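Shown next: protein_24.cif, given as mmCIF, C-alpha atoms.
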```
data_structure
loop_
_atom_site.group_PDB
_atom_site.id
_atom_site.type_symbol
_atom_site.label_atom_id
_atom_site.label_comp_id
_atom_site.auth_asym_id
_atom_site.auth_seq_id
_atom_site.Cartn_x
_atom_site.Cartn_y
_atom_site.Cartn_z
ATOM 1 C CA MET A 1 85.642 92.503 106.777
ATOM 2 C CA GLY A 2 86.939 91.709 103.504
ATOM 3 C CA ALA A 3 87.562 90.115 100.263
ATOM 4 C CA ARG A 4 84.437 88.112 100.610
ATOM 5 C CA ALA A 5 82.776 90.457 103.023
ATOM 6 C CA VAL A 6 84.015 93.919 102.024
ATOM 7 C CA ALA A 7 85.323 93.231 98.535
ATOM 8 C CA ALA A 8 82.120 91.414 97.818
ATOM 9 C CA ALA A 9 80.296 94.400 99.185
ATOM 10 C CA ALA A 10 81.459 97.879 99.934
ATOM 11 C CA ALA A 11 78.798 98.229 102.559
ATOM 12 C CA CYS A 12 76.550 95.970 104.681
ATOM 13 C CA ILE A 13 76.211 94.765 108.340
ATOM 14 C CA ALA A 14 79.104 95.005 110.740
ATOM 15 C CA ALA A 15 80.517 92.231 112.606
ATOM 16 C CA ALA A 16 82.990 91.795 115.022
ATOM 17 C CA LEU A 17 84.541 90.965 117.887
ATOM 18 C CA ALA A 18 87.478 89.092 121.188
ATOM 19 C CA LEU A 19 89.671 86.714 123.640
ATOM 20 C CA CYS A 20 91.843 83.348 127.326
ATOM 21 C CA ALA A 21 92.363 83.696 130.921
ATOM 22 C CA CYS A 22 94.806 82.901 133.593
ATOM 23 C CA THR A 23 95.511 84.875 136.746
ATOM 24 C CA GLY A 24 95.478 88.549 137.513
ATOM 25 C CA ALA A 25 92.701 91.058 137.953
ATOM 26 C CA PRO A 26 90.074 90.001 140.492
ATOM 27 C CA THR A 27 87.135 90.579 138.149
ATOM 28 C CA ALA A 28 84.522 87.906 137.619
ATOM 29 C CA GLY A 29 83.719 88.424 133.942
ATOM 30 C CA PRO A 30 84.350 90.538 130.838
ATOM 31 C CA PRO A 31 83.936 94.266 131.481
ATOM 32 C CA GLY A 32 81.138 96.330 129.989
ATOM 33 C CA PRO A 33 81.369 99.914 128.765
ATOM 34 C CA ALA A 34 81.608 101.321 132.283
ATOM 35 C CA ALA A 35 84.702 99.222 132.973
ATOM 36 C CA SER A 36 86.402 99.979 129.675
ATOM 37 C CA SER A 37 88.497 102.958 130.788
ATOM 38 C CA ALA A 38 92.229 102.504 131.141
ATOM 39 C CA SER A 39 92.208 105.235 133.764
ATOM 40 C CA ALA A 40 90.054 102.956 135.903
ATOM 41 C CA THR A 41 92.648 100.158 135.698
ATOM 42 C CA SER A 42 94.936 100.095 138.709
ATOM 43 C CA THR A 43 98.538 99.417 137.772
ATOM 44 C CA ALA A 44 98.582 96.975 140.677
ATOM 45 C CA THR A 45 96.246 94.664 138.754
ATOM 46 C CA VAL A 46 98.177 94.782 135.466
ATOM 47 C CA PRO A 47 100.791 92.087 134.796
ATOM 48 C CA ALA A 48 104.307 93.536 134.774
ATOM 49 C CA TRP A 49 104.964 92.502 131.178
ATOM 50 C CA LEU A 50 102.121 94.680 129.907
ATOM 51 C CA SER A 51 103.768 97.803 131.306
ATOM 52 C CA LYS A 52 106.896 96.946 129.305
ATOM 53 C CA VAL A 53 105.255 96.530 125.902
ATOM 54 C CA ASP A 54 106.853 99.012 123.499
ATOM 55 C CA THR A 55 105.765 97.344 120.228
ATOM 56 C CA ILE A 56 102.400 95.810 119.335
ATOM 57 C CA GLY A 57 101.955 93.716 116.195
ATOM 58 C CA MET A 58 98.445 93.510 114.721
ATOM 59 C CA LEU A 59 97.227 90.637 112.548
ATOM 60 C CA GLY A 60 93.721 90.245 111.188
ATOM 61 C CA ASP A 61 91.235 91.658 108.713
ATOM 62 C CA SER A 62 89.047 94.743 108.292
ATOM 63 C CA ILE A 63 87.752 94.517 111.845
ATOM 64 C CA SER A 64 91.261 95.233 113.120
ATOM 65 C CA ASN A 65 91.547 97.999 110.512
ATOM 66 C CA ALA A 66 88.319 99.547 111.852
ATOM 67 C CA VAL A 67 86.787 99.727 108.383
ATOM 68 C CA TYR A 68 83.707 101.998 108.388
ATOM 69 C CA ALA A 69 84.125 102.929 112.064
ATOM 70 C CA CYS A 70 84.776 106.562 111.115
ATOM 71 C CA GLY A 71 82.336 106.804 108.214
ATOM 72 C CA ALA A 72 82.485 105.897 104.531
ATOM 73 C CA TYR A 73 86.188 105.136 104.565
ATOM 74 C CA PRO A 74 86.633 101.586 103.233
ATOM 75 C CA THR A 75 90.416 101.511 103.648
ATOM 76 C CA GLY A 76 90.074 101.692 107.418
ATOM 77 C CA CYS A 77 90.151 104.116 110.327
ATOM 78 C CA PRO A 78 93.557 103.728 112.043
ATOM 79 C CA ALA A 79 92.666 105.892 115.031
ATOM 80 C CA ASP A 80 89.632 103.720 115.796
ATOM 81 C CA THR A 81 91.153 100.240 115.829
ATOM 82 C CA TRP A 82 90.484 98.177 118.962
ATOM 83 C CA ALA A 83 94.088 97.006 119.202
ATOM 84 C CA GLY A 84 96.215 99.980 118.153
ATOM 85 C CA GLY A 85 93.976 103.027 117.807
ATOM 86 C CA SER A 86 94.470 106.443 119.412
ATOM 87 C CA ASN A 87 90.845 107.637 119.640
ATOM 88 C CA PRO A 88 90.026 108.137 123.350
ATOM 89 C CA LYS A 89 86.476 106.956 122.641
ATOM 90 C CA VAL A 90 87.855 103.550 121.656
ATOM 91 C CA ASP A 91 90.363 103.242 124.511
ATOM 92 C CA SER A 92 92.352 100.665 122.538
ATOM 93 C CA ILE A 93 94.789 98.082 123.864
ATOM 94 C CA ALA A 94 97.621 100.439 122.867
ATOM 95 C CA SER A 95 96.005 103.340 124.749
ATOM 96 C CA ARG A 96 95.534 101.217 127.864
ATOM 97 C CA ILE A 97 99.162 100.132 127.740
ATOM 98 C CA ALA A 98 100.199 103.775 127.351
ATOM 99 C CA ALA A 99 98.241 104.594 130.498
ATOM 100 C CA VAL A 100 100.196 102.089 132.587
ATOM 101 C CA ARG A 101 103.659 102.548 131.071
ATOM 102 C CA GLY A 102 103.654 106.300 130.590
ATOM 103 C CA SER A 103 104.290 106.307 126.850
ATOM 104 C CA ARG A 104 102.499 104.979 123.801
ATOM 105 C CA PRO A 105 103.788 101.723 122.278
ATOM 106 C CA ARG A 106 104.673 101.504 118.597
ATOM 107 C CA VAL A 107 101.955 99.797 116.558
ATOM 108 C CA VAL A 108 102.843 97.628 113.566
ATOM 109 C CA ASN A 109 99.565 96.998 111.762
ATOM 110 C CA GLN A 110 99.674 94.035 109.382
ATOM 111 C CA ALA A 111 95.916 93.459 109.324
ATOM 112 C CA LEU A 112 94.589 93.020 105.785
ATOM 113 C CA SER A 113 91.062 94.161 105.004
ATOM 114 C CA GLY A 114 89.303 91.349 103.178
ATOM 115 C CA GLY A 115 91.943 88.880 104.264
ATOM 116 C CA GLU A 116 91.342 85.255 105.079
ATOM 117 C CA LEU A 117 93.576 83.231 107.383
ATOM 118 C CA SER A 118 95.774 82.131 104.455
ATOM 119 C CA SER A 119 96.594 85.770 103.689
ATOM 120 C CA MET A 120 97.802 86.310 107.259
ATOM 121 C CA LEU A 121 100.712 83.866 107.064
ATOM 122 C CA PRO A 122 103.163 86.060 105.100
ATOM 123 C CA ARG A 123 102.243 89.018 107.299
ATOM 124 C CA VAL A 124 103.360 87.132 110.385
ATOM 125 C CA ARG A 125 106.919 87.576 109.167
ATOM 126 C CA GLN A 126 106.491 91.340 108.983
ATOM 127 C CA VAL A 127 105.231 91.377 112.560
ATOM 128 C CA VAL A 128 108.071 89.142 113.767
ATOM 129 C CA ALA A 129 110.603 91.480 112.135
ATOM 130 C CA ALA A 130 109.316 94.302 114.356
ATOM 131 C CA ALA A 131 110.257 92.345 117.523
ATOM 132 C CA PRO A 132 106.918 92.896 119.299
ATOM 133 C CA GLN A 133 106.176 92.121 122.924
ATOM 134 C CA LEU A 134 102.463 91.713 122.119
ATOM 135 C CA VAL A 135 100.708 90.416 119.003
ATOM 136 C CA THR A 136 96.936 90.644 118.519
ATOM 137 C CA ILE A 137 95.075 88.288 116.187
ATOM 138 C CA MET A 138 91.479 88.587 115.025
ATOM 139 C CA ILE A 139 90.839 86.563 111.885
ATOM 140 C CA GLY A 140 88.342 84.130 110.372
ATOM 141 C CA VAL A 141 85.224 86.120 109.452
ATOM 142 C CA ASN A 142 86.144 86.104 105.773
ATOM 143 C CA ASP A 143 86.846 82.366 105.837
ATOM 144 C CA ALA A 144 83.196 81.885 106.842
ATOM 145 C CA CYS A 145 81.726 84.785 104.830
ATOM 146 C CA ALA A 146 81.916 82.991 101.508
ATOM 147 C CA PRO A 147 79.617 83.093 98.465
ATOM 148 C CA SER A 148 78.271 79.717 99.597
ATOM 149 C CA VAL A 149 78.692 77.125 102.338
ATOM 150 C CA ASP A 150 80.823 74.985 100.046
ATOM 151 C CA ALA A 151 83.198 77.898 99.457
ATOM 152 C CA MET A 152 84.023 78.376 103.149
ATOM 153 C CA THR A 153 87.567 77.489 104.203
ATOM 154 C CA PRO A 154 87.691 73.804 105.212
ATOM 155 C CA VAL A 155 88.327 73.200 108.910
ATOM 156 C CA SER A 156 91.332 71.019 108.090
ATOM 157 C CA GLN A 157 92.940 73.851 106.122
ATOM 158 C CA TYR A 158 92.124 76.372 108.829
ATOM 159 C CA THR A 159 93.698 74.094 111.441
ATOM 160 C CA THR A 160 96.925 73.734 109.481
ATOM 161 C CA GLU A 161 97.244 77.421 108.637
ATOM 162 C CA PHE A 162 96.539 78.686 112.149
ATOM 163 C CA ALA A 163 99.051 76.253 113.633
ATOM 164 C CA GLN A 164 101.621 77.479 111.114
ATOM 165 C CA ALA A 165 100.965 81.109 112.058
ATOM 166 C CA LEU A 166 101.375 80.511 115.787
ATOM 167 C CA ASP A 167 104.449 78.365 115.247
ATOM 168 C CA GLU A 168 106.110 81.070 113.183
ATOM 169 C CA LEU A 169 105.256 83.683 115.798
ATOM 170 C CA HIS A 170 106.660 81.478 118.548
ATOM 171 C CA ARG A 171 109.886 80.777 116.677
ATOM 172 C CA GLY A 172 110.401 84.356 115.506
ATOM 173 C CA ALA A 173 109.301 86.166 118.665
ATOM 174 C CA PRO A 174 109.443 83.573 121.474
ATOM 175 C CA ASP A 175 109.043 86.134 124.254
ATOM 176 C CA ALA A 176 106.020 87.869 122.754
ATOM 177 C CA HIS A 177 102.554 87.420 124.212
ATOM 178 C CA VAL A 178 99.802 86.638 121.696
ATOM 179 C CA LEU A 179 96.155 87.649 122.094
ATOM 180 C CA VAL A 180 93.712 85.563 120.030
ATOM 181 C CA MET A 181 90.210 86.963 119.659
ATOM 182 C CA SER A 182 87.320 84.695 118.689
ATOM 183 C CA ILE A 183 85.159 85.155 115.603
ATOM 184 C CA PRO A 184 81.862 87.012 116.184
ATOM 185 C CA ASP A 185 78.579 85.141 116.002
ATOM 186 C CA LEU A 186 77.226 86.070 112.579
ATOM 187 C CA THR A 187 73.850 84.604 113.495
ATOM 188 C CA THR A 188 73.455 87.433 115.994
ATOM 189 C CA LEU A 189 74.032 89.965 113.230
ATOM 190 C CA TRP A 190 71.539 88.237 110.959
ATOM 191 C CA LYS A 191 68.896 88.273 113.705
ATOM 192 C CA LEU A 192 69.603 91.925 114.392
ATOM 193 C CA GLY A 193 68.837 92.961 110.815
ATOM 194 C CA ARG A 194 66.511 90.373 109.284
ATOM 195 C CA ASP A 195 63.375 92.335 110.234
ATOM 196 C CA ASP A 196 64.714 95.668 108.969
ATOM 197 C CA PRO A 197 63.556 96.134 105.342
ATOM 198 C CA ALA A 198 66.319 98.641 104.590
ATOM 199 C CA LEU A 199 69.044 96.280 105.780
ATOM 200 C CA VAL A 200 67.497 93.310 104.012
ATOM 201 C CA ALA A 201 67.439 95.288 100.756
ATOM 202 C CA GLN A 202 71.047 96.272 101.286
ATOM 203 C CA TRP A 203 72.143 92.696 101.952
ATOM 204 C CA LYS A 204 70.330 91.464 98.850
ATOM 205 C CA ASP A 205 71.820 94.222 96.713
ATOM 206 C CA ARG A 206 75.400 93.703 97.850
ATOM 207 C CA THR A 207 75.365 89.990 98.699
ATOM 208 C CA THR A 208 77.577 90.633 101.706
ATOM 209 C CA CYS A 209 78.497 87.433 103.511
ATOM 210 C CA ALA A 210 76.124 85.435 101.334
ATOM 211 C CA SER A 211 76.829 82.205 103.215
ATOM 212 C CA MET A 212 74.963 83.693 106.193
ATOM 213 C CA LEU A 213 72.897 86.559 104.779
ATOM 214 C CA ALA A 214 71.438 85.228 101.538
ATOM 215 C CA ASN A 215 67.619 85.087 101.693
ATOM 216 C CA PRO A 216 67.708 86.760 105.121
ATOM 217 C CA THR A 217 63.950 86.701 105.723
ATOM 218 C CA SER A 218 63.488 83.078 104.692
ATOM 219 C CA ASP A 219 62.824 80.306 107.201
ATOM 220 C CA ALA A 220 62.790 77.622 104.536
ATOM 221 C CA PRO A 221 64.573 74.428 105.660
ATOM 222 C CA ALA A 222 67.413 74.935 103.186
ATOM 223 C CA ASP A 223 68.116 78.474 104.444
ATOM 224 C CA VAL A 224 67.887 77.438 108.078
ATOM 225 C CA ALA A 225 70.321 74.592 107.390
ATOM 226 C CA ARG A 226 72.707 76.922 105.545
ATOM 227 C CA ARG A 227 72.882 79.374 108.436
ATOM 228 C CA ALA A 228 73.383 76.525 110.879
ATOM 229 C CA ALA A 229 76.270 75.253 108.754
ATOM 230 C CA VAL A 230 77.943 78.679 108.825
ATOM 231 C CA SER A 231 77.514 78.911 112.598
ATOM 232 C CA ALA A 232 78.935 75.428 113.040
ATOM 233 C CA ARG A 233 81.934 76.322 110.879
ATOM 234 C CA ILE A 234 82.634 79.431 112.951
ATOM 235 C CA ASP A 235 82.376 77.349 116.122
ATOM 236 C CA ALA A 236 84.896 74.942 114.622
ATOM 237 C CA TYR A 237 87.294 77.775 113.690
ATOM 238 C CA ASN A 238 87.076 79.185 117.204
ATOM 239 C CA GLU A 239 87.797 75.783 118.710
ATOM 240 C CA VAL A 240 90.781 75.332 116.392
ATOM 241 C CA MET A 241 92.240 78.666 117.488
ATOM 242 C CA ALA A 242 91.642 77.992 121.187
ATOM 243 C CA GLN A 243 93.300 74.563 121.032
ATOM 244 C CA ALA A 244 96.277 75.869 119.054
ATOM 245 C CA CYS A 245 96.719 78.807 121.432
ATOM 246 C CA ALA A 246 96.620 76.521 124.481
ATOM 247 C CA LYS A 247 99.893 74.899 123.362
ATOM 248 C CA TYR A 248 101.851 78.084 124.074
ATOM 249 C CA ALA A 249 102.328 79.558 127.538
ATOM 250 C CA ARG A 250 102.214 83.134 126.266
ATOM 251 C CA CYS A 251 99.224 82.734 123.976
ATOM 252 C CA HIS A 252 95.963 84.015 125.444
ATOM 253 C CA ASP A 253 92.616 83.037 123.891
ATOM 254 C CA ASP A 254 89.497 85.040 124.747
ATOM 255 C CA GLY A 255 87.502 81.979 125.731
ATOM 256 C CA GLY A 256 84.855 82.852 123.163
ATOM 257 C CA ALA A 257 84.152 86.316 124.612
ATOM 258 C CA VAL A 258 83.798 88.075 121.267
ATOM 259 C CA HIS A 259 81.659 85.285 119.880
ATOM 260 C CA ALA A 260 79.366 85.464 122.906
ATOM 261 C CA HIS A 261 79.094 89.260 122.924
ATOM 262 C CA PRO A 262 75.514 90.380 122.121
ATOM 263 C CA PHE A 263 76.334 93.134 119.659
ATOM 264 C CA THR A 264 73.773 95.896 119.364
ATOM 265 C CA ASP A 265 72.949 98.139 116.434
ATOM 266 C CA ALA A 266 74.863 100.980 118.106
ATOM 267 C CA GLU A 267 77.972 98.794 118.092
ATOM 268 C CA LEU A 268 77.749 98.383 114.313
ATOM 269 C CA SER A 269 78.809 100.937 111.717
ATOM 270 C CA SER A 270 76.032 103.149 110.388
ATOM 271 C CA VAL A 271 77.659 102.790 106.967
ATOM 272 C CA ASP A 272 77.212 99.051 106.468
ATOM 273 C CA HIS A 273 75.692 97.656 109.677
ATOM 274 C CA PHE A 274 78.252 94.862 109.648
ATOM 275 C CA HIS A 275 81.602 96.236 110.777
ATOM 276 C CA PRO A 276 81.991 97.536 114.343
ATOM 277 C CA SER A 277 81.335 101.184 115.032
ATOM 278 C CA VAL A 278 83.558 103.198 117.380
ATOM 279 C CA LEU A 279 81.465 101.801 120.234
ATOM 280 C CA GLY A 280 81.881 98.286 118.851
ATOM 281 C CA GLN A 281 85.642 98.773 118.588
ATOM 282 C CA ARG A 282 85.624 99.969 122.209
ATOM 283 C CA GLU A 283 83.871 96.773 123.273
ATOM 284 C CA LEU A 284 86.489 94.692 121.466
ATOM 285 C CA ALA A 285 89.253 96.622 123.220
ATOM 286 C CA ALA A 286 87.591 96.061 126.600
ATOM 287 C CA LEU A 287 87.186 92.333 125.980
ATOM 288 C CA GLY A 288 90.788 91.972 124.840
ATOM 289 C CA TRP A 289 92.170 93.997 127.740
ATOM 290 C CA HIS A 290 90.248 91.852 130.212
ATOM 291 C CA VAL A 291 91.995 88.783 128.809
ATOM 292 C CA LEU A 292 95.441 90.345 128.982
ATOM 293 C CA VAL A 293 95.025 91.608 132.532
ATOM 294 C CA ARG A 294 93.902 88.166 133.666
ATOM 295 C CA ALA A 295 96.708 86.465 131.767
ATOM 296 C CA GLY A 296 99.308 87.112 134.409
ATOM 297 C CA GLY A 297 102.991 86.865 133.523
#
```
Mind converting the file's structure to structure tokens?
Amino acid sequence: MGARAVAAAAACIAAALALCACTGAPTAGPPGPAASSASATSTATVPAWLSKVDTIGMLGDSISNAVYACGAYPTGCPADTWAGGSNPKVDSIASRIAAVRGSRPRVVNQALSGGELSSMLPRVRQVVAAAPQLVTIMIGVNDACAPSVDAMTPVSQYTTEFAQALDELHRGAPDAHVLVMSIPDLTTLWKLGRDDPALVAQWKDRTTCASMLANPTSDAPADVARRAAVSARIDAYNEVMAQACAKYARCHDDGGAVHAHPFTDAELSSVDHFHPSVLGQRELAALGWHVLVRAGG
């Protein structure tokens, strides 16, 4: 994650992951691991525009850079990214597109490890300059993973900055489709590790995502209220992104799929138990692909 999550700690729990719907594949809900294979996706169910994507632009933070997915490699694991990776075990969005179009799309990765939403704005221009047909966005964990509740990005600021990002994408690349993934539920990660003494010691030592993970074993009213405030802020960020995305015909929000995903320990990096593992990145790719297939034209 980043500045506040990864820069504030070079190792802790992993978090992550994914994204709206329209028309398309006749599936009832987000696919699980068994449905994640691009080879299992009939080209008849894939919107025509997806088979014509030759450039993907990536915006986000360390989740999109697959930090710690391939081991102790804090700068990221390009082959393992859910959006643009090449690792067959991840079966990324780019790999799935390659399966239906016959050749791999170019990937322009402007995700910034440690980045908050404000740091994404100048990177939008770099993505626009690449003339993409698809742009993926997964941002917001670092805005919530602050040293304290008071230090989290205000909802009003988040609203303004996300609207600016989508507006610039729309003006600079009006024909591009945009995939907006929701912010993971950090409460799920806290519950997953709070009873593990080794993880608790690690969190205390590195103060990763202190707004959520400080005093992880405490059920004191102040700590319960703090975690609730972080969860409420993430809910607000996700609502902001969904509402902003809904204003554009080619913007596809995941409907809270990533936020609702019940991440398991196997889906978190063994390095920091916060960032997604290869399996976690695969789940993000599957959730995102489900949205795109259902998005229609």
Legend entry - Residue among A:Leu192, A:Val258, A:Met241, A:Leu199 lying closest to Ala285 (chain A), counting only C-alpha atoms: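 Once distances to Ala285 (chain A) are computed over only C-alpha atoms, the minimum belongs to A:Val258.
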Inset, instruction - Give me, please, the distance in Å between CA of Ala83 (chain A) and CA of Pro132 (chain A), quoted to one decimal. - result: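 Spanning CA of Ala83 (chain A) to CA of Pro132 (chain A) is a straight-line distance of 13.5 Å.
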Inset, instruction - Between CA of Val100 (chain A) and CA of Val178 (chain A), measure the distance and give it in Å to one decimal. - result: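 CA of Val100 (chain A) sits 18.9 Å away from CA of Val178 (chain A).
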Legend entry - Among listed residues A:Ala163, A:Ala266, A:Met58, A:Ala242, nearest Met138 (chain A) (using all atoms listed in the file): A:Met58
Legend entry - Which residue of A:Ala72, A:Ala214, A:Val141, A:Val240 approaches Val155 (chain A) most closely, using all atoms listed in the file: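 Once distances to Val155 (chain A) are computed over all atoms listed in the file, the minimum belongs to A:Val240.
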Legend entry - Gap from CA of His261 (chain A) to CA of Thr208 (chain A) - Å, one decimal: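 A separation of 21.3 Å between them.
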Inset, instruction - Taking the point (108.5, 88.2, 115.4) as given in the file, collect each protein or nucleic acid residue that comes within 9 Å of it, counting only C-alpha atoms, and present the set as a PyMOL selection string. - result: chain A and resi 57+124-133+135+168-174+176
Inset, instruction - Please write as a PyMOL selection string the list of polymer residues whose atoms come within 7 Å of (88.3, 98.8, 107.5), counting only C-alpha atoms and keeping to the coordinates of the file. - result: chain A and resi 1+62-63+65-68+74-77+113
Legend entry - Result set, the PyMOL selection byres ((chain A and resi 105-108) around 8) on current file, as JSON, numbers by chain: {"A": [53, 54, 55, 56, 57, 58, 84, 94, 97, 98, 103, 104, 109, 110, 127, 130]}
Produce a file of the selected residues containing C-alpha atoms, as a PDB file, in the coordinates of the input.
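Output (part02.pdb):
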```
ATOM      1  CA  VAL A  53     105.255  96.530 125.902  1.00  0.00           C
ATOM      2  CA  ASP A  54     106.853  99.012 123.499  1.00  0.00           C
ATOM      3  CA  THR A  55     105.765  97.344 120.228  1.00  0.00           C
ATOM      4  CA  ILE A  56     102.400  95.810 119.335  1.00  0.00           C
ATOM      5  CA  GLY A  57     101.955  93.716 116.195  1.00  0.00           C
ATOM      6  CA  MET A  58      98.445  93.510 114.721  1.00  0.00           C
ATOM      7  CA  GLY A  84      96.215  99.980 118.153  1.00  0.00           C
ATOM      8  CA  ALA A  94      97.621 100.439 122.867  1.00  0.00           C
ATOM      9  CA  ILE A  97      99.162 100.132 127.740  1.00  0.00           C
ATOM     10  CA  ALA A  98     100.199 103.775 127.351  1.00  0.00           C
ATOM     11  CA  SER A 103     104.290 106.307 126.850  1.00  0.00           C
ATOM     12  CA  ARG A 104     102.499 104.979 123.801  1.00  0.00           C
ATOM     13  CA  ASN A 109      99.565  96.998 111.762  1.00  0.00           C
ATOM     14  CA  GLN A 110      99.674  94.035 109.382  1.00  0.00           C
ATOM     15  CA  VAL A 127     105.231  91.377 112.560  1.00  0.00           C
ATOM     16  CA  ALA A 130     109.316  94.302 114.356  1.00  0.00           C
TER      17      ALA A 130
END
```
Legend entry - Of the listed residues A:Ala222, A:Trp49, A:Ser277, A:Arg227, that which approaches Arg250 (chain A) most closely, counting all atoms listed in the file: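 Of all the options, A:Trp49 lies closest to Arg250 (chain A).
For the residues A:Ala151, A:Ala260, A:Leu186, A:Ala79, ranking by smallest atom-to-atom distance to Ile93 (chain A) using all atoms listed in the file places A:Ala79 first.
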Legend entry - Test item: residues at most 9 Å from Met181 (chain A), all atoms listed in the file, excluding those fewer than 5 positions along its chain, as JSON, numbers by chain: {"A": [17, 18, 19, 20, 136, 137, 138, 139, 238, 241, 252, 253, 254, 255, 256, 257, 258, 259, 284, 287, 288]}
Inset, instruction - Name all residues at most 10 Å from Asn215 (chain A) (count all atoms listed in the file; drop same-chain ones fewer than 2 positions away) and give them as JSON, numbers by chain. - result: {"A": [194, 200, 203, 204, 207, 210, 211, 212, 213, 217, 218, 219, 220, 223, 224]}
Legend entry - Selection result of the PyMOL selection byres ((chain A and resi 144) around 12) on this file, as a PyMOL selection string: chain A and resi 1-5+114-117+139-143+145-155+158+183-187+208-213+226-238
